[in-house]
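Below: the structure, in structure tokens.
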Amino acid sequence: MIKALEETTEFLEARGFDKPEIGIILGTGLGKLIDELEIISEVSYNHIPGFPTATVEFHKGKLIFGKLDGKKVVVMQGRFHIYEGYSLWDVTYPVRVMKRLGIKKLLISNAAGSINPEFKKGEIMLIDDHINLQGGSPLAFKGVEHLGTRFTDMSAPYDQESGRILQEIAKENNINLRKGVYVAVTGPQLETRAEYRYLRIIGADAVGMSTVPEVIVANHLGIPIAAVSVLTDEGDPDNLQPVDIQDIIEAAGQAEPQMITLFRELIKRIKLKSIA
Ligand code: HPA
């Protein structure tokens, strides 16, 4: 486990991934932040030793190192999902690698379905807390106890300071940034009407198929996280419209400029404290 992580990290360092300060995971339909980057090095996932290989074709599947407003960042363009058949260890492997490379903050974006009736398609939600309905934990693997504490505290999984800054940026830029609870399901099927009703009852504001495993591992490693969901469809159980994945990707693309503003400004403003 540790050997594989060391090998991956050394490979990337040899390819010029030189002490990134911030890690960024870009979700479905949200890859354009890359255009803002001064790219120094990039490698396809399937050329990185130890990395799971990319499958879903709309993910470009690249790890990129570069500079954004003077800060060194490592960006995952596309992520791994359990619905593609990866284990939760695989899904979160890149977070462990980014930590070894040196990141002190992790920014995550995803596409999600709105559950809260007030939250509309096209809006962005700051993730304040989450519910894990993926039926497993990325920490429930043999040997993980050597990589951090076993019983990871999840009383405040998202960084409050980053959340506050994101809200400030949203206000300045007239972005109607919602705040709420994200529930992660396995997928890849979307929810039934009964499931949307259930998710609303248990306290979710948005539903998606990612992010929570990465957030659990980042907490395991002590990395502060800021995460946002782009709401791409509305899961209204009383008026449910069939969704198709192309619609979801398109809706994510429409909200992308706002997402870029939020992340870019956050990167400019965050102070990086050193973490263990
Ligand atoms: N459900 C689950 N995942 C999603 C959805 C949804 O409605 N929209 C985008 N990702």
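Residues are referred to by chain and number: the chain letter is A, B, ... according to the order shown in the structure tokens, the number counts from 1 in that chain, and ligands are numbered separately from 1 in the order shown.
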Quiz prompt | Environment of ligand 1 within 10 Å, counting only C-alpha atoms and all ligand atoms, reported as a PyMOL selection string | solution = chain A and resi 27-28+110-115+121+183-192+195-196+206-210+229-236+242-245+247-249+251-252
Quiz item: Hey, what does DSSP flag as alpha helix (DSSP H) within range 5-247 of chain A? Can you give it to me as number ranges by chain?
Solution: A: 5-14, 88-101, 160-172, 193-201, 212-221, 245-247
Self-check item: Close residues, His47 in chain A itself excluded, 12 Å, only C-alpha atoms, min 3 positions apart in chain, as a list in words
Solution: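 With the cut-off at 12 Å, the set is Thr8, Phe11, Leu12, Arg15, Glu42, Val43, Ser44, Gly50, Phe51, Pro52, Thr53, Ala54, Gly61, Lys62 and Leu63 of chain A.
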What does the file look like for those residues with N, CA and C atoms, as an mmCIF file, in the first residue's frame?
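Below you can see selection_20.cif, which holds the result:
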data_model
loop_
_atom_site.group_PDB
_atom_site.id
_atom_site.type_symbol
_atom_site.label_atom_id
_atom_site.label_comp_id
_atom_site.auth_asym_id
_atom_site.auth_seq_id
_atom_site.Cartn_x
_atom_site.Cartn_y
_atom_site.Cartn_z
ATOM 1 N N THR A 8 4.003 5.972 -6.996
ATOM 2 C CA THR A 8 3.201 6.940 -7.764
ATOM 3 C C THR A 8 3.718 8.362 -7.536
ATOM 4 N N PHE A 11 7.035 9.003 -9.243
ATOM 5 C CA PHE A 11 6.832 9.135 -10.684
ATOM 6 C C PHE A 11 6.376 10.566 -11.027
ATOM 7 N N LEU A 12 5.406 11.049 -10.267
ATOM 8 C CA LEU A 12 4.861 12.383 -10.563
ATOM 9 C C LEU A 12 5.887 13.478 -10.277
ATOM 10 N N ARG A 15 8.073 13.824 -13.009
ATOM 11 C CA ARG A 15 7.423 14.486 -14.147
ATOM 12 C C ARG A 15 7.155 15.968 -13.884
ATOM 13 N N GLU A 42 1.472 17.534 -17.378
ATOM 14 C CA GLU A 42 0.219 16.782 -17.324
ATOM 15 C C GLU A 42 0.440 15.343 -17.750
ATOM 16 N N VAL A 43 -0.275 14.434 -17.087
ATOM 17 C CA VAL A 43 -0.125 13.006 -17.373
ATOM 18 C C VAL A 43 -1.509 12.362 -17.390
ATOM 19 N N SER A 44 -1.768 11.526 -18.406
ATOM 20 C CA SER A 44 -3.039 10.771 -18.430
ATOM 21 C C SER A 44 -3.041 9.780 -17.287
ATOM 22 N N GLY A 50 0.215 2.821 -10.590
ATOM 23 C CA GLY A 50 -0.589 2.714 -9.368
ATOM 24 C C GLY A 50 -1.979 3.324 -9.498
ATOM 25 N N PHE A 51 -2.179 4.177 -10.505
ATOM 26 C CA PHE A 51 -3.484 4.826 -10.671
ATOM 27 C C PHE A 51 -4.479 3.856 -11.305
ATOM 28 N N PRO A 52 -5.749 3.940 -10.903
ATOM 29 C CA PRO A 52 -6.757 3.193 -11.656
ATOM 30 C C PRO A 52 -6.816 3.772 -13.073
ATOM 31 N N THR A 53 -7.274 3.028 -14.045
ATOM 32 C CA THR A 53 -7.324 3.580 -15.406
ATOM 33 C C THR A 53 -8.703 4.173 -15.684
ATOM 34 N N ALA A 54 -8.723 5.248 -16.446
ATOM 35 C CA ALA A 54 -9.962 5.972 -16.721
ATOM 36 C C ALA A 54 -10.841 5.178 -17.690
ATOM 37 N N GLY A 61 -9.683 12.379 -17.942
ATOM 38 C CA GLY A 61 -8.790 11.517 -17.192
ATOM 39 C C GLY A 61 -7.330 11.931 -17.201
ATOM 40 N N LYS A 62 -7.048 13.137 -16.675
ATOM 41 C CA LYS A 62 -5.663 13.604 -16.642
ATOM 42 C C LYS A 62 -5.350 14.217 -15.287
ATOM 43 N N LEU A 63 -4.114 14.067 -14.873
ATOM 44 C CA LEU A 63 -3.647 14.778 -13.699
ATOM 45 C C LEU A 63 -2.744 15.901 -14.195
#
Practice problem: Enumerate the residues of range 69-243 of chain A with a DSSP assignment of strand (DSSP E), computed from the backbone, and present them as a ChimeraX atom specification. | Solution: /A:71-77,105-114,124-133,177-185,206-208,225-234
Practice problem: Considering only C-alpha atoms, return as an MDAnalysis selection string whatever protein or nucleic-acid residues lie within 9 Å of Arg150 in chain A, sequence-local ones (same chain, fewer than 4 positions apart) excluded. | Solution: chainID A and resid 139:140 144:146 220
Exercise. Record the distance separating CA of Gln246 in chain A and CA of Ile202 in chain A, expressed in Å with one decimal.
Key: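 Computing it gives 28.5 Å between the two atoms.
Computed from the coordinates, the CA of His81 in chain A to CA of Lys120 in chain A distance equals 24.9 Å.
Residues with any atom within 9 Å of Arg264 in chain A, counting only C-alpha atoms and excluding same-chain neighbours fewer than 2 positions away, are A:Leu33, A:Glu36, A:Leu68, A:Asp69, A:Met259, A:Ile260, A:Thr261, A:Leu262, A:Leu266, A:Ile267, A:Lys268, A:Arg269.
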Just write the chosen residues, C-alpha atoms, as a short mmCIF file (atom, residue, chain, number, x, y, z; two decimals), in the first residue's frame.
data_model
loop_
_atom_site.label_atom_id
_atom_site.label_comp_id
_atom_site.auth_asym_id
_atom_site.auth_seq_id
_atom_site.Cartn_x
_atom_site.Cartn_y
_atom_site.Cartn_z
CA LEU A 33 -10.94 25.61 -15.00
CA GLU A 36 -7.20 29.31 -16.68
CA LEU A 68 -3.14 29.49 -10.90
CA ASP A 69 -2.74 33.07 -9.71
CA MET A 259 -17.96 27.66 -10.54
CA ILE A 260 -14.70 28.90 -12.05
CA THR A 261 -15.15 32.33 -10.47
CA LEU A 262 -15.74 30.74 -7.06
CA LEU A 266 -10.96 31.16 -3.39
CA ILE A 267 -7.51 30.07 -4.53
CA LYS A 268 -6.43 33.73 -4.59
CA ARG A 269 -7.75 34.39 -1.10
#
Quiz item: What lies within 12 Å of Glu38 in chain A using only C-alpha atoms, ignoring chain neighbours under 4 positions off, as a PyMOL selection string?
Solution: chain A and resi 33-34+42+64-75
Quiz item: Taking only C-alpha atoms into account, which of A:Pro94, A:Gly29, A:Gly253, A:Gly85 comes nearest Ile48 in chain A?
Solution: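 Checking each candidate against Ile48 in chain A, we get A:Pro94 as the closest.
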Quiz prompt | Top pick for closest residue to Gly180 in chain A, considering A:Met1, A:Ile131, A:Ile108, A:Val91 and counting only C-alpha atoms | solution =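 Of all the options, A:Ile131 lies closest to Gly180 in chain A.
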Practice problem: Name all residues at most 12 Å from Glu161 in chain A (count only C-alpha atoms; drop same-chain ones fewer than 4 positions away) and give them as a PyMOL selection string. | Solution: chain A and resi 105+128+156+165-168+224-226+266+269-273
Okay, now the selection with N, CA, C and O atoms, as a compact mmCIF listing (two decimals), in the first residue's frame?
# COMPACT_ATOMS: atom_id res chain seq x y z
N LYS A 105 -4.76 21.85 0.94
CA LYS A 105 -6.18 22.20 0.81
C LYS A 105 -6.70 21.41 -0.38
O LYS A 105 -5.98 21.20 -1.36
N ASP A 128 -22.02 21.68 2.96
CA ASP A 128 -21.77 22.04 4.35
C ASP A 128 -21.61 20.78 5.20
O ASP A 128 -20.98 20.79 6.25
N ALA A 156 -16.89 17.88 11.64
CA ALA A 156 -16.86 19.08 10.78
C ALA A 156 -16.06 18.74 9.53
O ALA A 156 -14.91 19.16 9.38
N ILE A 165 -15.42 32.15 2.91
CA ILE A 165 -14.82 32.91 1.80
C ILE A 165 -15.65 32.70 0.52
O ILE A 165 -15.92 33.65 -0.22
N LEU A 166 -16.06 31.47 0.27
CA LEU A 166 -16.86 31.20 -0.94
C LEU A 166 -18.17 31.98 -0.91
O LEU A 166 -18.62 32.51 -1.93
N GLN A 167 -18.78 32.08 0.27
CA GLN A 167 -20.03 32.84 0.37
C GLN A 167 -19.80 34.33 0.10
O GLN A 167 -20.61 34.99 -0.54
N GLU A 168 -18.67 34.81 0.59
CA GLU A 168 -18.29 36.21 0.36
C GLU A 168 -18.08 36.46 -1.15
O GLU A 168 -18.58 37.43 -1.71
N PRO A 224 -7.94 20.14 4.87
CA PRO A 224 -9.19 20.91 4.84
C PRO A 224 -9.81 20.91 3.43
O PRO A 224 -9.08 21.01 2.45
N ILE A 225 -11.13 20.84 3.38
CA ILE A 225 -11.83 20.69 2.09
C ILE A 225 -12.87 21.77 1.89
O ILE A 225 -13.62 22.11 2.81
N ALA A 226 -12.94 22.24 0.64
CA ALA A 226 -14.09 23.06 0.22
C ALA A 226 -14.72 22.33 -0.95
O ALA A 226 -14.02 21.90 -1.87
N LEU A 266 -11.30 31.84 -4.64
CA LEU A 266 -10.96 31.16 -3.39
C LEU A 266 -9.46 30.86 -3.34
O LEU A 266 -8.80 31.10 -2.33
N ARG A 269 -7.58 33.84 -2.45
CA ARG A 269 -7.75 34.39 -1.10
C ARG A 269 -7.34 33.46 0.03
O ARG A 269 -7.13 33.92 1.15
N ILE A 270 -7.30 32.16 -0.23
CA ILE A 270 -7.04 31.28 0.92
C ILE A 270 -5.61 31.38 1.40
O ILE A 270 -4.66 31.48 0.63
N LYS A 271 -5.50 31.33 2.71
CA LYS A 271 -4.17 31.30 3.32
C LYS A 271 -3.87 29.86 3.61
O LYS A 271 -4.71 29.12 4.12
N LEU A 272 -2.68 29.43 3.24
CA LEU A 272 -2.33 28.03 3.42
C LEU A 272 -1.54 27.85 4.69
O LEU A 272 -0.39 28.21 4.77
N LYS A 273 -2.24 27.30 5.68
CA LYS A 273 -1.52 26.96 6.92
C LYS A 273 -0.86 25.63 6.67
O LYS A 273 -1.37 24.79 5.95
